[in-house]
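This is start.txt (compact mmCIF, C-alpha atoms).
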# COMPACT_ATOMS: atom_id res chain seq x y z
CA MET A 1 -4.24 -77.17 -24.52
CA LYS A 2 -7.63 -75.71 -23.80
CA THR A 3 -7.27 -75.57 -20.03
CA THR A 4 -3.83 -73.97 -20.04
CA GLY A 5 -5.17 -71.58 -22.69
CA LEU A 6 -7.77 -70.46 -20.19
CA LEU A 7 -5.13 -69.80 -17.59
CA THR A 8 -2.70 -67.95 -19.82
CA ALA A 9 -5.51 -65.81 -21.15
CA ALA A 10 -6.36 -64.67 -17.66
CA ILE A 11 -2.97 -64.26 -16.07
CA ALA A 12 -0.15 -61.81 -16.31
CA MET A 13 2.97 -63.75 -15.45
CA VAL A 14 5.78 -61.71 -14.02
CA ALA A 15 9.01 -63.21 -12.79
CA THR A 16 9.27 -61.68 -9.36
CA GLY A 17 12.37 -63.62 -8.47
CA ALA A 18 12.41 -62.94 -4.74
CA LEU A 19 8.93 -64.23 -3.88
CA ALA A 20 7.71 -67.80 -4.36
CA GLN A 21 4.07 -66.65 -4.59
CA ASP A 22 3.01 -65.81 -8.10
CA ASP A 23 1.59 -62.79 -9.81
CA HIS A 24 -1.47 -64.38 -11.39
CA GLN A 25 -4.82 -62.65 -11.71
CA LEU A 26 -8.09 -64.37 -10.88
CA VAL A 27 -11.15 -63.92 -13.05
CA THR A 28 -13.97 -66.39 -12.45
CA ASN A 29 -16.31 -67.49 -15.23
CA GLY A 30 -14.77 -64.88 -17.45
CA ASP A 31 -16.49 -62.00 -15.73
CA ILE A 32 -16.06 -61.90 -11.96
CA GLU A 33 -12.81 -60.14 -11.12
CA ILE A 34 -11.39 -61.26 -7.82
CA VAL A 35 -8.94 -58.91 -6.10
CA THR A 36 -6.21 -61.10 -4.65
CA GLU A 37 -3.76 -58.40 -3.67
CA ALA A 38 -4.35 -55.15 -1.79
CA PRO A 39 -2.55 -52.72 0.50
CA ALA A 40 -2.74 -53.94 4.07
CA PRO A 41 -5.45 -52.22 6.14
CA ASP A 42 -4.22 -49.68 8.71
CA HIS A 43 -4.95 -51.92 11.67
CA VAL A 44 -2.57 -54.59 10.36
CA THR A 45 0.81 -53.23 11.24
CA GLY A 46 2.81 -56.37 10.51
CA LEU A 47 2.05 -56.48 6.77
CA ARG A 48 2.40 -54.02 3.93
CA THR A 49 0.44 -55.94 1.31
CA ILE A 50 -2.25 -58.54 1.81
CA TYR A 51 -2.63 -61.52 -0.52
CA SER A 52 -5.43 -64.03 -0.89
CA GLY A 53 -4.56 -67.67 -0.26
CA TRP A 54 -5.22 -68.28 -3.96
CA ARG A 55 -1.90 -66.67 -4.83
CA PHE A 56 0.06 -69.28 -2.92
CA ARG A 57 -1.41 -72.29 -4.68
CA GLU A 58 -0.19 -74.27 -7.70
CA SER A 59 -1.54 -73.32 -11.13
CA SER A 60 -3.61 -76.48 -11.48
CA LEU A 61 -5.46 -75.62 -8.27
CA GLN A 62 -5.81 -71.97 -9.21
CA GLU A 63 -7.47 -73.01 -12.48
CA MET A 64 -10.18 -74.86 -10.61
CA GLN A 65 -11.46 -71.57 -9.25
CA MET A 66 -11.60 -69.86 -12.60
CA ASP A 67 -14.63 -71.78 -13.80
CA ASP A 68 -17.62 -72.77 -11.68
CA PHE A 69 -17.85 -75.98 -13.67
CA GLU A 70 -14.42 -77.06 -12.41
CA ASN A 71 -14.96 -75.83 -8.86
CA PRO A 72 -15.91 -78.87 -6.73
CA ALA A 73 -17.55 -76.60 -4.15
CA ILE A 74 -20.35 -75.77 -6.56
CA ILE A 75 -21.89 -79.21 -6.09
CA ALA A 76 -22.49 -78.35 -2.43
CA VAL A 77 -23.84 -74.97 -3.51
CA ASP A 78 -26.30 -76.68 -5.87
CA LYS A 79 -27.58 -78.72 -2.93
CA ALA A 80 -27.88 -75.55 -0.86
CA ILE A 81 -29.92 -73.91 -3.61
CA VAL A 82 -32.43 -76.74 -3.38
CA GLN A 83 -32.46 -76.43 0.41
CA TRP A 84 -33.02 -72.68 0.21
CA SER A 85 -36.55 -73.30 -1.03
CA MET A 86 -37.30 -76.28 1.19
CA VAL A 87 -39.79 -75.69 3.97
CA ASP A 88 -38.44 -76.58 7.39
CA GLY A 89 -39.76 -76.04 10.90
CA ALA A 90 -42.96 -75.24 12.74
CA GLU A 91 -43.68 -72.00 10.89
CA GLY A 92 -43.86 -73.76 7.53
CA LYS A 93 -41.29 -71.44 5.99
CA SER A 94 -38.23 -71.86 3.86
CA CYS A 95 -35.34 -69.40 3.51
CA ALA A 96 -37.01 -68.27 0.32
CA SER A 97 -40.25 -67.37 2.13
CA CYS A 98 -38.61 -64.27 3.61
CA HIS A 99 -35.46 -63.80 1.54
CA GLU A 100 -36.93 -64.71 -1.84
CA ASP A 101 -34.24 -64.92 -4.53
CA VAL A 102 -30.88 -65.64 -2.92
CA GLU A 103 -29.04 -64.03 -5.81
CA GLN A 104 -30.63 -60.68 -4.98
CA SER A 105 -31.26 -60.69 -1.24
CA MET A 106 -27.85 -61.99 -0.19
CA VAL A 107 -25.65 -59.65 -2.23
CA GLY A 108 -23.09 -57.96 -0.01
CA VAL A 109 -24.02 -59.95 3.09
CA ARG A 110 -20.89 -62.11 3.40
CA ALA A 111 -18.62 -59.13 2.77
CA VAL A 112 -19.43 -57.57 6.14
CA TYR A 113 -19.56 -60.64 8.34
CA PRO A 114 -18.81 -61.23 11.21
CA LYS A 115 -20.71 -58.23 12.47
CA TRP A 116 -22.60 -56.77 15.40
CA ASN A 117 -26.21 -57.74 15.90
CA GLU A 118 -27.93 -54.95 17.82
CA SER A 119 -30.98 -56.80 19.10
CA ALA A 120 -28.94 -59.76 20.28
CA GLY A 121 -26.15 -57.58 21.65
CA GLU A 122 -23.40 -59.80 20.27
CA VAL A 123 -20.98 -60.28 17.38
CA ARG A 124 -22.46 -62.77 14.97
CA THR A 125 -20.85 -64.95 12.36
CA LEU A 126 -22.81 -65.96 9.28
CA ALA A 127 -23.46 -69.40 10.75
CA MET A 128 -24.81 -67.91 13.98
CA GLN A 129 -27.14 -65.67 12.02
CA ILE A 130 -28.36 -68.57 9.88
CA ASN A 131 -29.16 -70.63 12.96
CA ASP A 132 -30.90 -67.65 14.54
CA CYS A 133 -33.13 -67.32 11.48
CA ARG A 134 -33.86 -71.03 11.63
CA THR A 135 -34.75 -71.20 15.30
CA GLU A 136 -36.48 -67.83 15.74
CA ASN A 137 -38.13 -67.22 12.38
CA MET A 138 -38.63 -70.69 10.96
CA GLY A 139 -39.21 -72.63 14.17
CA ALA A 140 -36.73 -75.15 12.87
CA GLU A 141 -33.92 -76.99 14.62
CA ALA A 142 -30.54 -75.31 14.59
CA TRP A 143 -28.02 -76.88 12.25
CA LYS A 144 -24.73 -78.27 13.54
CA TYR A 145 -22.39 -75.28 13.41
CA ASP A 146 -19.95 -76.82 10.98
CA GLY A 147 -22.13 -79.55 9.49
CA GLU A 148 -22.75 -80.13 5.80
CA ASP A 149 -26.02 -78.17 5.70
CA MET A 150 -24.47 -75.12 7.31
CA THR A 151 -21.33 -75.01 5.17
CA GLY A 152 -23.43 -75.45 2.03
CA ALA A 153 -25.68 -72.56 3.03
CA GLU A 154 -22.65 -70.43 3.92
CA ALA A 155 -21.10 -71.19 0.54
CA LEU A 156 -24.30 -70.25 -1.27
CA ILE A 157 -24.69 -66.98 0.62
CA SER A 158 -20.99 -66.10 0.36
CA MET A 159 -21.04 -66.69 -3.38
CA GLN A 160 -23.45 -63.80 -3.79
CA SER A 161 -20.75 -61.43 -2.55
CA ARG A 162 -18.06 -62.90 -4.77
CA GLY A 163 -15.81 -60.18 -6.13
CA MET A 164 -16.98 -57.60 -3.59
CA PRO A 165 -14.40 -56.22 -1.18
CA VAL A 166 -14.28 -57.65 2.33
CA ASN A 167 -15.35 -54.83 4.62
CA VAL A 168 -15.61 -55.96 8.22
CA ALA A 169 -16.16 -53.28 10.87
CA ILE A 170 -13.63 -53.20 13.69
CA ASP A 171 -14.87 -50.26 15.75
CA GLY A 172 -17.99 -49.35 17.66
CA PRO A 173 -19.77 -52.17 19.49
CA VAL A 174 -17.44 -54.86 18.06
CA ALA A 175 -14.26 -53.17 19.30
CA ASP A 176 -13.86 -55.31 22.43
CA THR A 177 -14.41 -58.57 20.56
CA TRP A 178 -12.01 -57.41 17.87
CA LYS A 179 -9.35 -56.64 20.45
CA GLN A 180 -9.79 -60.10 21.93
CA GLY A 181 -9.31 -61.62 18.47
CA GLU A 182 -6.21 -59.53 17.88
CA GLU A 183 -4.74 -60.66 21.18
CA MET A 184 -5.39 -64.31 20.31
CA TYR A 185 -3.75 -63.87 16.91
CA TYR A 186 -0.49 -62.83 18.50
CA THR A 187 -0.58 -65.28 21.44
CA ARG A 188 1.66 -68.32 21.26
CA TYR A 189 -0.25 -71.56 21.84
CA GLY A 190 0.57 -75.17 22.38
CA GLN A 191 3.60 -77.35 22.84
CA LEU A 192 5.15 -75.78 19.78
CA GLU A 193 4.43 -72.27 21.11
CA LEU A 194 3.32 -70.85 17.80
CA SER A 195 0.97 -67.93 17.29
CA CYS A 196 -1.03 -67.30 14.14
CA ALA A 197 1.46 -64.53 13.38
CA SER A 198 4.44 -66.88 13.69
CA CYS A 199 3.45 -68.54 10.42
CA HIS A 200 1.05 -66.21 8.70
CA GLU A 201 2.66 -62.85 9.33
CA GLU A 202 6.34 -63.57 9.91
CA ASN A 203 6.70 -66.52 7.57
CA TYR A 204 4.07 -66.32 4.87
CA ASP A 205 5.41 -67.40 1.49
CA ASN A 206 7.94 -69.69 3.19
CA TYR A 207 7.46 -73.43 3.36
CA ILE A 208 6.65 -75.32 6.53
CA ARG A 209 7.65 -78.84 5.56
CA ALA A 210 5.80 -79.17 2.24
CA ASP A 211 3.11 -76.56 2.86
CA HIS A 212 3.41 -73.20 1.16
CA LEU A 213 2.36 -70.80 3.92
CA SER A 214 -0.21 -68.17 3.02
CA GLN A 215 -1.14 -65.12 5.05
CA GLY A 216 -4.03 -67.07 6.52
CA GLN A 217 -6.69 -64.85 4.99
CA ILE A 218 -10.25 -66.13 5.19
CA ASN A 219 -11.82 -64.26 2.27
CA GLY A 220 -12.11 -67.60 0.49
CA PHE A 221 -13.96 -69.51 3.20
CA PRO A 222 -15.93 -71.74 3.22
CA ALA A 223 -13.26 -73.43 1.14
CA PHE A 224 -13.39 -76.75 -0.65
CA ARG A 225 -10.33 -78.51 0.71
CA LEU A 226 -9.04 -81.34 -1.45
CA LYS A 227 -7.71 -82.94 1.74
CA ASN A 228 -11.23 -83.19 3.16
CA ASP A 229 -12.92 -83.67 -0.21
CA GLY A 230 -15.51 -81.22 1.05
CA LEU A 231 -16.27 -77.72 2.23
CA VAL A 232 -14.41 -76.48 5.27
CA GLN A 233 -15.38 -73.56 7.47
CA THR A 234 -13.19 -70.93 9.11
CA HIS A 235 -13.63 -72.47 12.55
CA ASN A 236 -12.66 -75.89 11.19
CA ARG A 237 -9.44 -74.38 9.94
CA PHE A 238 -8.78 -72.56 13.20
CA LYS A 239 -9.18 -75.87 14.99
CA GLY A 240 -6.72 -77.52 12.62
CA CYS A 241 -4.18 -74.74 13.03
CA ILE A 242 -4.36 -74.82 16.82
CA ARG A 243 -4.07 -78.61 16.80
CA ASP A 244 -0.97 -78.19 14.66
CA THR A 245 0.65 -76.28 17.51
CA ARG A 246 -0.16 -79.25 19.74
CA ALA A 247 -2.61 -77.26 21.81
CA GLU A 248 -6.03 -78.09 23.14
CA THR A 249 -8.26 -76.39 20.64
CA TYR A 250 -11.42 -74.31 21.10
CA SER A 251 -14.60 -75.61 19.46
CA SER A 252 -16.48 -74.42 16.39
CA GLY A 253 -18.90 -71.70 17.30
CA SER A 254 -17.12 -70.84 20.55
CA ALA A 255 -16.85 -67.20 21.62
CA GLU A 256 -13.06 -67.36 21.24
CA PHE A 257 -13.30 -68.44 17.62
CA VAL A 258 -15.96 -65.85 16.89
CA ALA A 259 -13.57 -63.16 18.15
CA LEU A 260 -10.69 -64.65 16.17
CA GLU A 261 -12.81 -64.87 13.04
CA LEU A 262 -13.78 -61.21 13.38
CA TYR A 263 -10.15 -60.19 13.69
CA VAL A 264 -8.82 -62.45 10.89
CA ALA A 265 -11.63 -61.37 8.56
CA SER A 266 -10.67 -57.74 9.15
CA ARG A 267 -7.07 -58.51 8.16
CA GLY A 268 -8.48 -59.19 4.71
CA ASN A 269 -10.36 -55.91 4.32
CA GLY A 270 -9.76 -54.88 0.72
CA LEU A 271 -9.43 -58.35 -0.78
CA SER A 272 -12.44 -59.69 -2.66
CA VAL A 273 -14.78 -62.26 -1.21
CA GLU A 274 -13.58 -65.36 -2.99
CA ALA A 275 -15.84 -68.01 -1.50
CA PRO A 276 -16.28 -70.81 -2.24
CA SER A 277 -12.59 -71.25 -2.94
CA VAL A 278 -10.53 -74.37 -3.66
CA ARG A 279 -7.58 -75.13 -1.45
CA PRO A 280 -5.26 -78.14 -1.01
CA MET B 1 -32.30 -94.58 -4.43
CA ALA B 2 -29.90 -91.75 -5.04
CA GLU B 3 -31.12 -88.33 -4.00
CA ASN B 4 -30.17 -84.93 -5.33
CA VAL B 5 -28.77 -86.28 -8.57
CA LYS B 6 -28.13 -83.32 -10.83
CA PRO B 7 -26.43 -83.39 -14.22
CA LYS B 8 -24.38 -80.44 -15.49
CA VAL B 9 -22.89 -80.01 -18.95
CA ARG B 10 -20.58 -77.53 -20.59
CA VAL B 11 -20.94 -77.26 -24.39
CA PRO B 12 -19.58 -74.36 -26.42
CA LYS B 13 -22.36 -72.18 -27.79
CA THR B 14 -20.98 -72.13 -31.33
CA ALA B 15 -18.49 -74.08 -33.39
CA ALA B 16 -17.14 -74.01 -36.92
CA ALA B 17 -18.55 -76.74 -39.18
CA GLY B 18 -16.35 -79.81 -38.77
CA GLU B 19 -14.56 -78.42 -35.71
CA ALA B 20 -13.68 -80.72 -32.82
CA ILE B 21 -15.04 -79.28 -29.59
CA THR B 22 -14.51 -80.31 -26.00
CA LEU B 23 -17.55 -81.34 -23.99
CA LYS B 24 -17.51 -81.49 -20.21
CA THR B 25 -20.12 -83.33 -18.19
CA LEU B 26 -20.63 -83.72 -14.49
CA ILE B 27 -23.33 -85.45 -12.51
CA SER B 28 -23.68 -85.32 -8.74
CA HIS B 29 -24.15 -88.90 -7.60
CA PRO B 30 -22.75 -90.77 -4.59
CA MET B 31 -21.67 -93.76 -6.75
CA GLU B 32 -21.87 -96.27 -3.91
CA SER B 33 -19.49 -99.01 -5.02
CA GLY B 34 -20.91 -101.83 -2.93
CA GLN B 35 -17.56 -102.41 -1.22
CA ARG B 36 -18.06 -100.08 1.76
CA LYS B 37 -19.41 -101.10 5.14
CA ASP B 38 -21.57 -98.97 7.39
CA GLY B 39 -21.14 -98.30 11.12
CA ASP B 40 -22.66 -101.70 12.04
CA GLY B 41 -20.36 -103.59 9.70
CA LYS B 42 -23.03 -104.32 7.10
CA LEU B 43 -22.22 -103.92 3.43
CA ILE B 44 -23.73 -100.80 1.84
CA PRO B 45 -25.32 -102.08 -1.38
CA ARG B 46 -24.01 -100.96 -4.75
CA SER B 47 -25.85 -98.08 -6.33
CA ILE B 48 -24.10 -96.42 -9.20
CA ILE B 49 -24.63 -94.81 -12.55
CA ASN B 50 -23.77 -97.70 -14.86
CA ARG B 51 -23.95 -96.09 -18.29
CA PHE B 52 -23.39 -92.70 -19.87
CA THR B 53 -24.22 -91.83 -23.46
CA CYS B 54 -24.05 -88.75 -25.62
CA ASP B 55 -25.94 -88.32 -28.88
CA PHE B 56 -25.82 -85.54 -31.44
CA ASN B 57 -28.85 -85.09 -33.69
CA GLY B 58 -29.78 -88.70 -33.05
CA GLN B 59 -26.34 -90.11 -33.79
CA ASN B 60 -24.37 -91.70 -30.93
CA VAL B 61 -21.15 -89.90 -30.03
CA ILE B 62 -20.02 -91.89 -27.00
CA ASP B 63 -21.39 -94.80 -24.98
CA VAL B 64 -19.61 -95.54 -21.71
CA THR B 65 -20.16 -98.57 -19.51
CA MET B 66 -19.39 -97.37 -15.99
CA GLU B 67 -18.07 -99.70 -13.28
CA PRO B 68 -18.08 -99.37 -9.47
CA ALA B 69 -14.48 -98.13 -9.42
CA ILE B 70 -15.61 -94.71 -10.65
CA SER B 71 -15.87 -92.37 -7.70
CA THR B 72 -18.48 -89.88 -6.53
CA ASN B 73 -19.72 -87.16 -8.91
CA PRO B 74 -18.45 -88.70 -12.15
CA TYR B 75 -16.90 -86.21 -14.56
CA PHE B 76 -16.42 -86.95 -18.25
CA GLU B 77 -14.57 -84.75 -20.70
CA PHE B 78 -14.40 -85.75 -24.35
CA GLU B 79 -14.20 -84.32 -27.86
CA ALA B 80 -16.71 -84.44 -30.66
CA THR B 81 -16.71 -83.06 -34.18
CA VAL B 82 -19.66 -80.85 -35.03
CA PRO B 83 -20.68 -81.21 -38.70
CA GLU B 84 -23.81 -79.03 -38.46
CA ALA B 85 -25.95 -77.12 -35.98
CA GLY B 86 -27.94 -79.31 -33.63
CA THR B 87 -28.49 -80.66 -30.14
CA PHE B 88 -26.27 -82.72 -27.89
CA THR B 89 -28.25 -85.06 -25.65
CA PHE B 90 -26.59 -86.59 -22.58
CA THR B 91 -28.07 -89.55 -20.75
CA TRP B 92 -27.08 -91.22 -17.49
CA TYR B 93 -28.55 -94.58 -16.45
CA ASP B 94 -28.76 -95.40 -12.75
CA ASP B 95 -28.70 -98.92 -11.22
CA ASP B 96 -32.08 -98.19 -9.67
CA GLY B 97 -33.63 -97.61 -13.07
CA SER B 98 -33.66 -93.81 -13.04
CA VAL B 99 -32.56 -92.07 -16.20
CA TYR B 100 -31.18 -88.54 -16.10
CA THR B 101 -30.86 -86.43 -19.21
CA GLU B 102 -29.53 -83.05 -20.15
CA SER B 103 -29.29 -81.43 -23.55
CA GLN B 104 -27.63 -78.40 -25.06
CA ASP B 105 -27.92 -76.80 -28.48
CA ILE B 106 -24.96 -75.73 -30.54
CA ALA B 107 -24.94 -73.36 -33.50
CA ILE B 108 -22.54 -73.10 -36.40
CA GLY B 109 -20.65 -69.87 -36.48
Hey, can you dump this file as structure tokens for me?
Amino acid sequence: MKTTGLLTAAIAMVATGALAQDDHQLVTNGDIEIVTEAPAPDHVTGLRTIYSGWRFRESSLQEMQMDDFENPAIIAVDKAIVQWSMVDGAEGKSCASCHEDVEQSMVGVRAVYPKWNESAGEVRTLAMQINDCRTENMGAEAWKYDGEDMTGAEALISMQSRGMPVNVAIDGPVADTWKQGEEMYYTRYGQLELSCASCHEENYDNYIRADHLSQGQINGFPAFRLKNDGLVQTHNRFKGCIRDTRAETYSSGSAEFVALELYVASRGNGLSVEAPSVRP
Amino acid sequence: MAENVKPKVRVPKTAAAGEAITLKTLISHPMESGQRKDGDGKLIPRSIINRFTCDFNGQNVIDVTMEPAISTNPYFEFEATVPEAGTFTFTWYDDDGSVYTESQDIAIG
């Protein structure tokens, strides 16, 4: 009964009746409080409350995120910790050479990504920034955008913001990109003519076949998906979603997905960074 | 040769004398069964952890013979009674001869 004891100790179960999503609270490792419910940010007019994807999952899956020992994503994070200190590239540097201890230097970073990079004059996702560091500062080869190395590094960096509120800027230099993302979110794609909003805003908490629809928040990415038995990035999931509408999908790292990621991330402003999360 | 093999254990910090505690162990290891084929159709040779043991203050608690059917990153969860304060020692034996160990102390209280 030990594992269910852990869950009941950390949850407040309330019979909501009307909603299928539960009322559980998420505390990881006994001390990191993860906010999974918040008032919707002003720029999201179609929702009143935002919920993390964690709230739509079965208890057995929710439990896996309450303890880093049970979280299968942590194995990839362990590998990334080793890689953090590995020298790579012409300059003979590792990530640690400039950023030193990841647990100190990367606090708060994930919470504000994607964001504007002034010198490059573009919106950057975490993966873009990592590759920029590698090619410009380390003289190393860029990693595949959604390869194992990149998702591991993203998970490691994101973990340092765990529990902190997502706070992605939507105004100033990113405004145009944000608007593009917003437009994409509400555009119907594919043979099935579904937009992101069709499922994630108008039908969250309903079931599509056997899937319990969430609001499509990305505060938990990179996520360990049981289906893939590995870490999955936001752009991977966007690709999957667009394929599900029977449309020709954009590719990981494309400008369209960067804009969409910026917009979708901002829909979660107020929720805690939950990465690396566990999802079905 | 398996790379990046890292053991992890979860042992309670304290226990009452005679209490049965739950131990959780995890080791990151590809556990190549020897049944898979690579892109060219050649068999990928077997390379697994073939034995896992746990000792407490020199006395054996569990000794598991592991077979190729066990999948990647083997996880073991088992119970042990703790008669006195001491050290749990966990050992994993790899096909290639490597031995990985991890240990954790436990106090009575």
Would you kindly return, as a PDB file with C-alpha atoms, keeping the file's coordinate frame, each protein, DNA or RNA residue with an atom no farther than 7 Å from any atom of A:Asn236, considering all atoms listed in the file and excluding same-chain residues fewer than 4 positions away?
ATOM      1  CA  VAL A 232     -14.410 -76.480   5.270  1.00  0.00           C
ATOM      2  CA  GLY A 240      -6.720 -77.520  12.620  1.00  0.00           C
ATOM      3  CA  SER A 252     -16.480 -74.420  16.390  1.00  0.00           C
TER       4      SER A 252
END
Given all atoms listed in the file, how would the per-residue table for chain B near chain A read, listing every residue at most 12 Å away with its closest atom pair and distance in Å to one decimal, sorted by chain and number, as a tab-separated table?
residue	atom	partner	partner_atom	distance
B:Glu3	CA	A:Lys79	CA	10.3
B:Asn4	CA	A:Lys79	CA	7.1
B:Val5	CA	A:Lys79	CA	9.5
B:Lys6	CA	A:Asp78	CA	8.5
B:Pro7	CA	A:Ile75	CA	10.2
B:Lys8	CA	A:Phe69	CA	8.1
B:Val9	CA	A:Phe69	CA	8.3
B:Arg10	CA	A:Phe69	CA	7.6
B:Val11	CA	A:Phe69	CA	11.2
B:Ala20	CA	A:Lys2	CA	12.0
B:Ile21	CA	A:Lys2	CA	10.1
B:Thr22	CA	A:Lys2	CA	8.6
B:Leu23	CA	A:Lys2	CA	11.4
B:Lys24	CA	A:Phe69	CA	8.6
B:Thr25	CA	A:Phe69	CA	8.9
B:Leu26	CA	A:Phe69	CA	8.3
B:Ile27	CA	A:Ile75	CA	9.1
B:Ser28	CA	A:Ile75	CA	6.9
B:His29	CA	A:Ile75	CA	10.1
B:Pro30	CA	A:Ile75	CA	11.7
B:Ser71	CA	A:Asp229	CA	11.9
B:Thr72	CA	A:Asp229	CA	10.5
B:Asn73	CA	A:Ile75	CA	8.7
B:Pro74	CA	A:Pro72	CA	11.5
B:Tyr75	CA	A:Glu70	CA	9.7
B:Phe76	CA	A:Glu70	CA	11.7
B:Glu77	CA	A:Glu70	CA	11.3
B:Glu79	CA	A:Lys2	CA	11.6
Keeping only C-alpha atoms, write those residues as a short mmCIF file (atom, residue, chain, number, x, y, z; two decimals), keeping the file's coordinate frame.
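The resulting file, again_38.cif, is reproduced below:
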data_model
loop_
_atom_site.label_atom_id
_atom_site.label_comp_id
_atom_site.auth_asym_id
_atom_site.auth_seq_id
_atom_site.Cartn_x
_atom_site.Cartn_y
_atom_site.Cartn_z
CA GLU B 3 -31.12 -88.33 -4.00
CA ASN B 4 -30.17 -84.93 -5.33
CA VAL B 5 -28.77 -86.28 -8.57
CA LYS B 6 -28.13 -83.32 -10.83
CA PRO B 7 -26.43 -83.39 -14.22
CA LYS B 8 -24.38 -80.44 -15.49
CA VAL B 9 -22.89 -80.01 -18.95
CA ARG B 10 -20.58 -77.53 -20.59
CA VAL B 11 -20.94 -77.26 -24.39
CA ALA B 20 -13.68 -80.72 -32.82
CA ILE B 21 -15.04 -79.28 -29.59
CA THR B 22 -14.51 -80.31 -26.00
CA LEU B 23 -17.55 -81.34 -23.99
CA LYS B 24 -17.51 -81.49 -20.21
CA THR B 25 -20.12 -83.33 -18.19
CA LEU B 26 -20.63 -83.72 -14.49
CA ILE B 27 -23.33 -85.45 -12.51
CA SER B 28 -23.68 -85.32 -8.74
CA HIS B 29 -24.15 -88.90 -7.60
CA PRO B 30 -22.75 -90.77 -4.59
CA SER B 71 -15.87 -92.37 -7.70
CA THR B 72 -18.48 -89.88 -6.53
CA ASN B 73 -19.72 -87.16 -8.91
CA PRO B 74 -18.45 -88.70 -12.15
CA TYR B 75 -16.90 -86.21 -14.56
CA PHE B 76 -16.42 -86.95 -18.25
CA GLU B 77 -14.57 -84.75 -20.70
CA GLU B 79 -14.20 -84.32 -27.86
#
Residue neighbourhood B:Val64, 7 Å, all atoms listed in the file, exclusion window fewer than 5 positions, as number ranges by chain: B: 51-53
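Counting from atom CA of A:Arg267, the distance to atom CA of A:Cys196 is 12.2 Å.
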Test item: residues at most 10 Å from A:Ala265, only C-alpha atoms, excluding those fewer than 6 positions along its chain, as a PyMOL selection string: chain A and resi 111-114+166-170+216-219+234+259
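With distances restricted to only C-alpha atoms, A:Leu262 is the closest residue to A:Glu183 from A:Leu47, A:Leu231, A:Ala142, A:Leu262.
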8 Å contact set for A:Pro276, only C-alpha atoms, chain neighbours under 5 positions out, as a ChimeraX atom specification: /A:73-74,155,158-159,220-224
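Atom CA of A:Arg162 lies 6.8 Å from atom CA of A:Ser272.
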Polymer residues at most 7 Å from B:Asp94, all atoms listed in the file, same-chain spacing of 4 or more positions, as a ChimeraX atom specification: /B:48-50,98-99
Since we have the selection now, will you write its residues out, keeping C-alpha atoms, as an mmCIF file, in the coordinates of the input?
data_model
loop_
_atom_site.group_PDB
_atom_site.id
_atom_site.type_symbol
_atom_site.label_atom_id
_atom_site.label_comp_id
_atom_site.auth_asym_id
_atom_site.auth_seq_id
_atom_site.Cartn_x
_atom_site.Cartn_y
_atom_site.Cartn_z
ATOM 1 C CA ILE B 48 -24.100 -96.420 -9.200
ATOM 2 C CA ILE B 49 -24.630 -94.810 -12.550
ATOM 3 C CA ASN B 50 -23.770 -97.700 -14.860
ATOM 4 C CA SER B 98 -33.660 -93.810 -13.040
ATOM 5 C CA VAL B 99 -32.560 -92.070 -16.200
#
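Between A:Val27 and the residues A:Cys98, A:Gly163, A:Gly181, A:Phe257, the shortest atom-to-atom distance, using all atoms listed in the file, involves A:Gly163.
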From A:Ala255, A:Ser277, A:Met86, A:Asp22, residue lying nearest A:Trp178 [all atoms listed in the file]: A:Ala255
